[in-house]
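Asks: You'll find protein28.cif just under this line, and it carries mmCIF, N, CA and C atoms.
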data_structure
loop_
_atom_site.label_atom_id
_atom_site.label_comp_id
_atom_site.auth_asym_id
_atom_site.auth_seq_id
_atom_site.Cartn_x
_atom_site.Cartn_y
_atom_site.Cartn_z
N MET A 73 70.86 105.26 96.12
CA MET A 73 71.52 105.47 94.83
C MET A 73 72.20 104.20 94.31
N ALA A 74 71.98 103.08 94.97
CA ALA A 74 72.65 101.86 94.53
C ALA A 74 72.07 101.37 93.22
N ASN A 75 72.90 100.75 92.45
CA ASN A 75 72.50 100.19 91.17
C ASN A 75 71.68 98.92 91.43
N ALA A 76 70.50 98.86 90.89
CA ALA A 76 69.62 97.71 91.15
C ALA A 76 70.25 96.40 90.69
N ALA A 77 70.96 96.44 89.57
CA ALA A 77 71.52 95.20 89.02
C ALA A 77 72.57 94.60 89.94
N SER A 78 73.46 95.43 90.44
CA SER A 78 74.54 94.87 91.25
C SER A 78 74.54 95.41 92.67
N GLY A 79 73.67 96.37 92.95
CA GLY A 79 73.61 96.92 94.30
C GLY A 79 74.80 97.77 94.68
N MET A 80 75.54 98.29 93.69
CA MET A 80 76.73 99.08 93.98
C MET A 80 76.40 100.56 94.11
N ALA A 81 76.92 101.16 95.16
CA ALA A 81 76.83 102.61 95.30
C ALA A 81 78.15 103.20 94.82
N VAL A 82 78.14 104.47 94.47
CA VAL A 82 79.38 105.13 94.04
C VAL A 82 79.72 106.18 95.09
N HIS A 83 80.88 106.02 95.69
CA HIS A 83 81.33 106.96 96.71
C HIS A 83 81.50 108.35 96.07
N ASP A 84 81.08 109.40 96.81
CA ASP A 84 81.18 110.76 96.27
C ASP A 84 82.58 111.14 95.85
N GLU A 85 83.57 110.60 96.56
CA GLU A 85 84.96 110.93 96.24
C GLU A 85 85.29 110.55 94.80
N CYS A 86 84.68 109.49 94.30
CA CYS A 86 84.93 109.07 92.91
C CYS A 86 84.58 110.19 91.95
N LYS A 87 83.40 110.78 92.16
CA LYS A 87 82.95 111.85 91.27
C LYS A 87 83.78 113.12 91.46
N LEU A 88 84.09 113.43 92.72
CA LEU A 88 84.87 114.65 93.01
C LEU A 88 86.26 114.58 92.38
N LYS A 89 86.93 113.45 92.57
CA LYS A 89 88.29 113.33 92.02
C LYS A 89 88.27 113.32 90.49
N PHE A 90 87.23 112.70 89.91
CA PHE A 90 87.11 112.71 88.46
C PHE A 90 86.93 114.13 87.94
N LEU A 91 86.11 114.93 88.63
CA LEU A 91 85.92 116.32 88.22
C LEU A 91 87.21 117.10 88.30
N GLU A 92 88.01 116.81 89.34
CA GLU A 92 89.30 117.50 89.47
C GLU A 92 90.23 117.10 88.33
N LEU A 93 90.22 115.83 87.97
CA LEU A 93 91.05 115.37 86.85
C LEU A 93 90.60 116.06 85.56
N LYS A 94 89.29 116.12 85.35
CA LYS A 94 88.74 116.65 84.11
C LYS A 94 88.92 118.17 84.01
N ALA A 95 88.56 118.88 85.07
CA ALA A 95 88.54 120.34 85.01
C ALA A 95 89.88 120.99 85.34
N LYS A 96 90.54 120.46 86.38
CA LYS A 96 91.77 121.11 86.84
C LYS A 96 93.02 120.33 86.45
N ARG A 97 92.82 119.13 85.96
CA ARG A 97 93.94 118.26 85.59
C ARG A 97 94.88 118.04 86.78
N THR A 98 94.26 117.85 87.94
CA THR A 98 95.00 117.62 89.18
C THR A 98 95.69 116.26 89.17
N TYR A 99 95.10 115.32 88.44
CA TYR A 99 95.64 113.95 88.42
C TYR A 99 95.83 113.50 86.99
N ARG A 100 96.78 112.58 86.80
CA ARG A 100 96.97 111.94 85.50
C ARG A 100 96.01 110.77 85.34
N PHE A 101 95.80 110.06 86.46
CA PHE A 101 94.89 108.91 86.40
C PHE A 101 94.26 108.66 87.76
N ILE A 102 93.18 107.89 87.73
CA ILE A 102 92.51 107.46 88.96
C ILE A 102 92.18 105.98 88.80
N VAL A 103 92.50 105.21 89.82
CA VAL A 103 92.13 103.79 89.83
C VAL A 103 91.01 103.62 90.85
N PHE A 104 89.93 102.98 90.40
CA PHE A 104 88.76 102.76 91.26
C PHE A 104 88.63 101.28 91.57
N LYS A 105 88.17 101.02 92.78
CA LYS A 105 88.02 99.63 93.23
C LYS A 105 86.62 99.45 93.79
N ILE A 106 86.04 98.28 93.55
CA ILE A 106 84.76 97.96 94.18
C ILE A 106 85.04 97.28 95.51
N GLU A 107 84.53 97.90 96.56
CA GLU A 107 84.60 97.29 97.89
C GLU A 107 83.39 96.38 98.00
N GLU A 108 83.60 95.08 97.87
CA GLU A 108 82.47 94.16 97.82
C GLU A 108 81.66 94.15 99.12
N LYS A 109 82.36 94.26 100.27
CA LYS A 109 81.64 94.22 101.54
C LYS A 109 80.76 95.45 101.72
N GLN A 110 81.29 96.62 101.38
CA GLN A 110 80.50 97.85 101.51
C GLN A 110 79.58 98.09 100.32
N LYS A 111 79.76 97.26 99.28
CA LYS A 111 78.98 97.41 98.05
C LYS A 111 79.07 98.82 97.48
N GLN A 112 80.31 99.30 97.36
CA GLN A 112 80.47 100.61 96.72
C GLN A 112 81.79 100.73 95.99
N VAL A 113 81.81 101.65 95.04
CA VAL A 113 83.02 101.93 94.27
C VAL A 113 83.77 103.04 95.00
N ILE A 114 85.05 102.83 95.24
CA ILE A 114 85.87 103.82 95.94
C ILE A 114 87.11 104.15 95.12
N VAL A 115 87.77 105.26 95.48
CA VAL A 115 89.04 105.63 94.85
C VAL A 115 90.15 104.82 95.52
N GLU A 116 90.92 104.09 94.71
CA GLU A 116 92.03 103.31 95.27
C GLU A 116 93.36 104.05 95.14
N LYS A 117 93.56 104.70 93.99
CA LYS A 117 94.86 105.36 93.77
C LYS A 117 94.67 106.58 92.88
N LEU A 118 95.41 107.63 93.20
CA LEU A 118 95.43 108.84 92.38
C LEU A 118 96.82 109.01 91.81
N GLY A 119 96.91 109.24 90.51
CA GLY A 119 98.22 109.41 89.88
C GLY A 119 98.54 110.89 89.70
N GLU A 120 99.73 111.27 90.11
CA GLU A 120 100.16 112.67 89.96
C GLU A 120 100.26 113.03 88.48
N PRO A 121 100.10 114.33 88.15
CA PRO A 121 100.18 114.75 86.74
C PRO A 121 101.51 114.37 86.07
N THR A 122 102.57 114.24 86.87
CA THR A 122 103.89 113.92 86.31
C THR A 122 104.07 112.43 86.04
N GLU A 123 103.14 111.59 86.53
CA GLU A 123 103.31 110.15 86.35
C GLU A 123 103.04 109.74 84.91
N SER A 124 103.71 108.66 84.50
CA SER A 124 103.64 108.23 83.10
C SER A 124 102.56 107.17 82.90
N TYR A 125 102.36 106.80 81.65
CA TYR A 125 101.41 105.74 81.35
C TYR A 125 101.89 104.42 81.96
N GLU A 126 103.20 104.22 81.99
CA GLU A 126 103.75 103.00 82.60
C GLU A 126 103.41 102.94 84.09
N ASP A 127 103.52 104.09 84.77
CA ASP A 127 103.16 104.15 86.20
C ASP A 127 101.70 103.75 86.37
N PHE A 128 100.87 104.26 85.47
CA PHE A 128 99.45 103.94 85.52
C PHE A 128 99.22 102.44 85.33
N ALA A 129 99.82 101.87 84.29
CA ALA A 129 99.62 100.45 83.99
C ALA A 129 100.08 99.58 85.16
N LYS A 130 101.18 99.99 85.82
CA LYS A 130 101.70 99.23 86.96
C LYS A 130 100.77 99.29 88.16
N SER A 131 99.94 100.31 88.22
CA SER A 131 99.08 100.45 89.40
C SER A 131 97.82 99.57 89.31
N LEU A 132 97.63 98.89 88.18
CA LEU A 132 96.51 97.96 88.05
C LEU A 132 96.97 96.57 88.47
N PRO A 133 96.29 95.94 89.43
CA PRO A 133 96.74 94.62 89.90
C PRO A 133 96.64 93.56 88.81
N ALA A 134 97.58 92.64 88.80
CA ALA A 134 97.65 91.63 87.74
C ALA A 134 96.49 90.66 87.76
N ASP A 135 95.90 90.44 88.94
CA ASP A 135 94.85 89.42 89.01
C ASP A 135 93.58 89.89 89.71
N GLU A 136 93.34 91.21 89.68
CA GLU A 136 92.10 91.74 90.24
C GLU A 136 91.52 92.78 89.29
N CYS A 137 90.19 92.82 89.22
CA CYS A 137 89.51 93.79 88.36
C CYS A 137 89.59 95.20 88.97
N ARG A 138 89.58 96.20 88.10
CA ARG A 138 89.51 97.60 88.51
C ARG A 138 88.83 98.40 87.41
N TYR A 139 88.37 99.59 87.79
CA TYR A 139 88.01 100.60 86.80
C TYR A 139 89.11 101.64 86.89
N ALA A 140 89.38 102.31 85.78
CA ALA A 140 90.38 103.36 85.84
C ALA A 140 90.04 104.44 84.83
N VAL A 141 90.52 105.64 85.13
CA VAL A 141 90.38 106.76 84.22
C VAL A 141 91.79 107.30 83.99
N TYR A 142 92.11 107.55 82.71
CA TYR A 142 93.43 108.05 82.37
C TYR A 142 93.29 109.26 81.46
N ASP A 143 93.99 110.34 81.81
CA ASP A 143 93.96 111.56 81.01
C ASP A 143 95.17 111.51 80.07
N PHE A 144 94.90 111.25 78.80
CA PHE A 144 95.98 111.03 77.82
C PHE A 144 96.21 112.29 76.98
N ASP A 145 97.43 112.81 77.06
CA ASP A 145 97.83 113.97 76.25
C ASP A 145 98.51 113.50 74.98
N PHE A 146 98.21 114.14 73.88
CA PHE A 146 98.87 113.77 72.63
C PHE A 146 98.87 114.94 71.66
N LEU A 147 99.69 114.83 70.62
CA LEU A 147 99.73 115.82 69.55
C LEU A 147 98.99 115.26 68.35
N THR A 148 98.14 116.06 67.74
CA THR A 148 97.46 115.62 66.53
C THR A 148 98.43 115.71 65.35
N ALA A 149 98.02 115.20 64.21
CA ALA A 149 98.85 115.27 63.01
C ALA A 149 99.18 116.72 62.66
N GLU A 150 98.30 117.65 63.07
CA GLU A 150 98.52 119.08 62.80
C GLU A 150 99.33 119.74 63.92
N ASN A 151 99.91 118.92 64.80
CA ASN A 151 100.72 119.43 65.91
C ASN A 151 99.92 120.23 66.94
N VAL A 152 98.67 119.85 67.14
CA VAL A 152 97.84 120.50 68.15
C VAL A 152 97.81 119.61 69.39
N GLN A 153 98.06 120.24 70.55
CA GLN A 153 98.04 119.50 71.81
C GLN A 153 96.58 119.19 72.19
N LYS A 154 96.29 117.93 72.40
CA LYS A 154 94.93 117.53 72.79
C LYS A 154 95.01 116.57 73.95
N SER A 155 93.86 116.34 74.56
CA SER A 155 93.82 115.31 75.59
C SER A 155 92.49 114.56 75.47
N ARG A 156 92.53 113.28 75.83
CA ARG A 156 91.34 112.44 75.82
C ARG A 156 91.25 111.74 77.17
N ILE A 157 90.06 111.70 77.70
CA ILE A 157 89.86 111.00 78.97
C ILE A 157 89.37 109.59 78.67
N PHE A 158 90.19 108.62 79.05
CA PHE A 158 89.90 107.21 78.82
C PHE A 158 89.29 106.59 80.06
N PHE A 159 88.28 105.76 79.85
CA PHE A 159 87.75 104.91 80.91
C PHE A 159 88.20 103.50 80.57
N ILE A 160 88.88 102.85 81.50
CA ILE A 160 89.38 101.50 81.25
C ILE A 160 88.75 100.53 82.24
N ALA A 161 88.09 99.53 81.69
CA ALA A 161 87.54 98.46 82.52
C ALA A 161 88.57 97.34 82.49
N TRP A 162 89.29 97.20 83.59
CA TRP A 162 90.38 96.22 83.69
C TRP A 162 89.83 94.95 84.32
N SER A 163 89.84 93.87 83.56
CA SER A 163 89.26 92.61 84.03
C SER A 163 90.16 91.46 83.59
N PRO A 164 91.29 91.28 84.29
CA PRO A 164 92.25 90.27 83.85
C PRO A 164 91.67 88.85 83.89
N ASP A 165 92.13 88.03 82.96
CA ASP A 165 91.65 86.64 82.87
C ASP A 165 91.83 85.89 84.19
N THR A 166 92.86 86.27 84.95
CA THR A 166 93.19 85.54 86.17
C THR A 166 92.35 85.99 87.37
N SER A 167 91.51 87.02 87.21
CA SER A 167 90.72 87.47 88.36
C SER A 167 89.55 86.52 88.63
N ARG A 168 88.97 86.64 89.81
CA ARG A 168 87.88 85.75 90.20
C ARG A 168 86.64 85.98 89.33
N VAL A 169 85.94 84.92 89.03
CA VAL A 169 84.75 85.01 88.19
C VAL A 169 83.73 85.95 88.82
N ARG A 170 83.52 85.79 90.13
CA ARG A 170 82.55 86.65 90.82
C ARG A 170 82.93 88.12 90.67
N SER A 171 84.21 88.41 90.82
CA SER A 171 84.69 89.78 90.70
C SER A 171 84.43 90.32 89.28
N LYS A 172 84.74 89.50 88.27
CA LYS A 172 84.48 89.93 86.88
C LYS A 172 83.02 90.25 86.67
N MET A 173 82.15 89.41 87.25
CA MET A 173 80.71 89.62 87.08
C MET A 173 80.25 90.92 87.75
N ILE A 174 80.76 91.17 88.95
CA ILE A 174 80.37 92.39 89.67
C ILE A 174 80.84 93.64 88.90
N TYR A 175 82.08 93.61 88.44
CA TYR A 175 82.61 94.76 87.70
C TYR A 175 81.85 94.96 86.39
N ALA A 176 81.55 93.86 85.70
CA ALA A 176 80.83 93.97 84.43
C ALA A 176 79.43 94.53 84.62
N SER A 177 78.74 94.06 85.68
CA SER A 177 77.35 94.49 85.86
C SER A 177 77.25 95.92 86.41
N SER A 178 78.32 96.43 87.00
CA SER A 178 78.29 97.78 87.59
C SER A 178 78.88 98.84 86.67
N LYS A 179 79.54 98.40 85.61
CA LYS A 179 80.34 99.32 84.79
C LYS A 179 79.54 100.47 84.18
N ASP A 180 78.45 100.16 83.52
CA ASP A 180 77.74 101.22 82.80
C ASP A 180 77.20 102.30 83.73
N ARG A 181 76.67 101.85 84.86
CA ARG A 181 76.16 102.84 85.80
C ARG A 181 77.30 103.68 86.38
N PHE A 182 78.40 103.03 86.71
CA PHE A 182 79.53 103.79 87.26
C PHE A 182 80.03 104.80 86.23
N LYS A 183 80.15 104.35 84.99
CA LYS A 183 80.63 105.24 83.92
C LYS A 183 79.71 106.45 83.75
N ARG A 184 78.42 106.24 83.90
CA ARG A 184 77.47 107.36 83.77
C ARG A 184 77.68 108.42 84.85
N GLU A 185 78.21 108.00 85.99
CA GLU A 185 78.47 108.95 87.08
C GLU A 185 79.64 109.88 86.73
N LEU A 186 80.48 109.43 85.84
CA LEU A 186 81.67 110.21 85.47
C LEU A 186 81.40 110.90 84.14
N ASP A 187 80.94 112.11 84.23
CA ASP A 187 80.54 112.82 83.02
C ASP A 187 81.77 113.42 82.34
N GLY A 188 82.05 113.00 81.13
CA GLY A 188 83.19 113.57 80.42
C GLY A 188 84.16 112.52 79.91
N ILE A 189 83.77 111.26 80.02
CA ILE A 189 84.62 110.19 79.47
C ILE A 189 84.50 110.21 77.95
N GLN A 190 85.65 110.14 77.27
CA GLN A 190 85.62 110.25 75.81
C GLN A 190 85.86 108.92 75.10
N VAL A 191 86.64 108.05 75.71
CA VAL A 191 86.95 106.77 75.08
C VAL A 191 86.86 105.68 76.14
N GLU A 192 86.28 104.55 75.76
CA GLU A 192 86.21 103.43 76.70
C GLU A 192 87.01 102.25 76.16
N LEU A 193 87.76 101.61 77.03
CA LEU A 193 88.53 100.42 76.68
C LEU A 193 88.18 99.31 77.66
N GLN A 194 88.10 98.11 77.13
CA GLN A 194 87.92 96.93 77.97
C GLN A 194 89.22 96.14 77.82
N ALA A 195 89.86 95.79 78.91
CA ALA A 195 91.14 95.08 78.81
C ALA A 195 91.17 93.88 79.73
N THR A 196 91.63 92.74 79.19
CA THR A 196 91.78 91.54 80.01
C THR A 196 93.25 91.20 80.22
N ASP A 197 94.12 91.84 79.46
CA ASP A 197 95.56 91.72 79.71
C ASP A 197 96.25 93.00 79.25
N PRO A 198 97.48 93.25 79.72
CA PRO A 198 98.13 94.54 79.48
C PRO A 198 98.24 94.93 78.00
N THR A 199 98.33 93.95 77.10
CA THR A 199 98.48 94.30 75.68
C THR A 199 97.22 94.99 75.14
N GLU A 200 96.09 94.71 75.75
CA GLU A 200 94.83 95.30 75.26
C GLU A 200 94.66 96.75 75.68
N MET A 201 95.56 97.22 76.55
CA MET A 201 95.52 98.63 76.93
C MET A 201 96.92 99.24 76.87
N GLY A 202 97.72 98.71 75.94
CA GLY A 202 99.07 99.25 75.76
C GLY A 202 99.00 100.67 75.24
N LEU A 203 100.11 101.37 75.33
CA LEU A 203 100.16 102.77 74.89
C LEU A 203 99.81 102.90 73.40
N ASP A 204 100.19 101.89 72.62
CA ASP A 204 99.86 101.93 71.19
C ASP A 204 98.34 101.89 70.97
N VAL A 205 97.65 101.11 71.79
CA VAL A 205 96.19 101.02 71.71
C VAL A 205 95.58 102.36 72.09
N ILE A 206 96.08 102.93 73.18
CA ILE A 206 95.59 104.23 73.65
C ILE A 206 95.78 105.28 72.56
N LYS A 207 96.99 105.30 71.98
CA LYS A 207 97.27 106.29 70.93
C LYS A 207 96.33 106.12 69.73
N SER A 208 96.09 104.89 69.33
CA SER A 208 95.25 104.68 68.15
C SER A 208 93.79 105.04 68.44
N ARG A 209 93.35 104.86 69.69
CA ARG A 209 91.96 105.16 70.02
C ARG A 209 91.75 106.66 70.32
N ALA A 210 92.83 107.36 70.61
CA ALA A 210 92.71 108.77 71.01
C ALA A 210 92.37 109.66 69.83
N SER A 211 92.94 109.36 68.68
CA SER A 211 92.79 110.30 67.56
C SER A 211 91.49 110.13 66.83
#
Rewrite the structure of this file - the entire thing - as structure tokens.

Replies:
Amino acid sequence: MANAASGMAVHDECKLKFLELKAKRTYRFIVFKIEEKQKQVIVEKLGEPTESYEDFAKSLPADECRYAVYDFDFLTAENVQKSRIFFIAWSPDTSRVRSKMIYASSKDRFKRELDGIQVELQATDPTEMGLDVIKSRAS
């Protein structure tokens, strides 16, 4: 099941935890990491439903790439409670070039494994995935 382009496999736990986030709302967010030696994407961190967007942003390393999924709750202009599942490709400018290339080449296939993503964001620094950006992309 490895991706021919980058040779990355996706650990089953990634899909299972994503389904729990989507269907049961067990988690607020999930941070995924590529294990380069094992050539697979694994779950690095699970965020409790009570955790905030700030907690989520802090869980992304400043100088390493990650994939992340965030379940964003918001009120529409009509005061209707909604939620959007964001996929965030975190690729900070300070991360290693090789790492950026691996994450970039594996992203689309990994995203396809997670059925139910509604919005995708690419971020190279925290301002590109600030709460204001999330809010504007959610509606």

Asks: Please expand the PyMOL selection byres (((chain A and resi 190 and name CA) around 8) and name CA) into the concrete residues it hits in this file, giving the result as a PyMOL selection string.

Replies: chain A and resi 156-159+188-189+191-192

Asks: Listing only residues of segment 129-204 of chain A within 6 Å of segment 87-101 of chain A, what is the closest atom pair and its distance in Å (to one decimal) for each, using all atoms listed in the file, sorted by chain and residue number ascending, as JSON lines?

Replies:
{"residue": "A:Val141", "atom": "C", "partner": "A:Phe101", "partner_atom": "CA", "distance": 4.2}
{"residue": "A:Tyr142", "atom": "CA", "partner": "A:Phe101", "partner_atom": "CA", "distance": 4.4}
{"residue": "A:Asp143", "atom": "N", "partner": "A:Arg100", "partner_atom": "C", "distance": 4.1}
{"residue": "A:Glu185", "atom": "C", "partner": "A:Lys87", "partner_atom": "CA", "distance": 6.0}

Asks: Going by DSSP on the backbone, which bits of chain A are strand (DSSP E or B)? Write them as number ranges by chain, please.

Replies: A: 81-82, 101-107, 112-119, 138-147, 153-162, 191-195

Asks: Please list as number ranges by chain every residue within 6 Å of segment 196-203 of chain A, counting only C-alpha atoms and excluding residues in the same chain fewer than 3 positions away.

Replies: A: 163-165, 206

Asks: Written as a list in words, which residues does the PyMOL selection byres ((chain A and resi 111-128) around 7) give for the file shown?

Replies: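 What the PyMOL selection byres ((chain A and resi 111-128) around 7) grabs from the file is Gly79, Met80, Ala81, Val82, His83, Glu85, Cys86, Arg97, Thr98, Tyr99, Arg100, Phe101, Ile102, Val103, Phe104, Lys105, Ile106, Glu107, Glu108, Lys109, Gln110, Ala129, Lys130, Ser131 and Leu132 of chain A.
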
Asks: Name the residues of chain A that fall into helix (DSSP H, G or I) according to DSSP on the backbone, using the chain letters and numbers of this document, as a PyMOL selection string.

Replies: chain A and resi 84-96+125-130+169-185+198-201+203-210

Asks: Within 7 Å of Arg168 of chain A, counting all atoms listed in the file, which residues qualify if same-chain residues fewer than 6 places away don't, as a PyMOL selection string?

Replies: chain A and resi 135-137

Asks: Write out, as a CSV table (one decimal), keeping the file's coordinate frame, the residues just selected, with N, CA and C atoms.

Replies:
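result35.csv was written with the following content:
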chain,number,residue,atom,x,y,z
A,135,ASP,N,95.9,90.4,88.9
A,135,ASP,CA,94.8,89.4,89.0
A,135,ASP,C,93.6,89.9,89.7
A,136,GLU,N,93.3,91.2,89.7
A,136,GLU,CA,92.1,91.7,90.2
A,136,GLU,C,91.5,92.8,89.3
A,137,CYS,N,90.2,92.8,89.2
A,137,CYS,CA,89.5,93.8,88.4
A,137,CYS,C,89.6,95.2,89.0
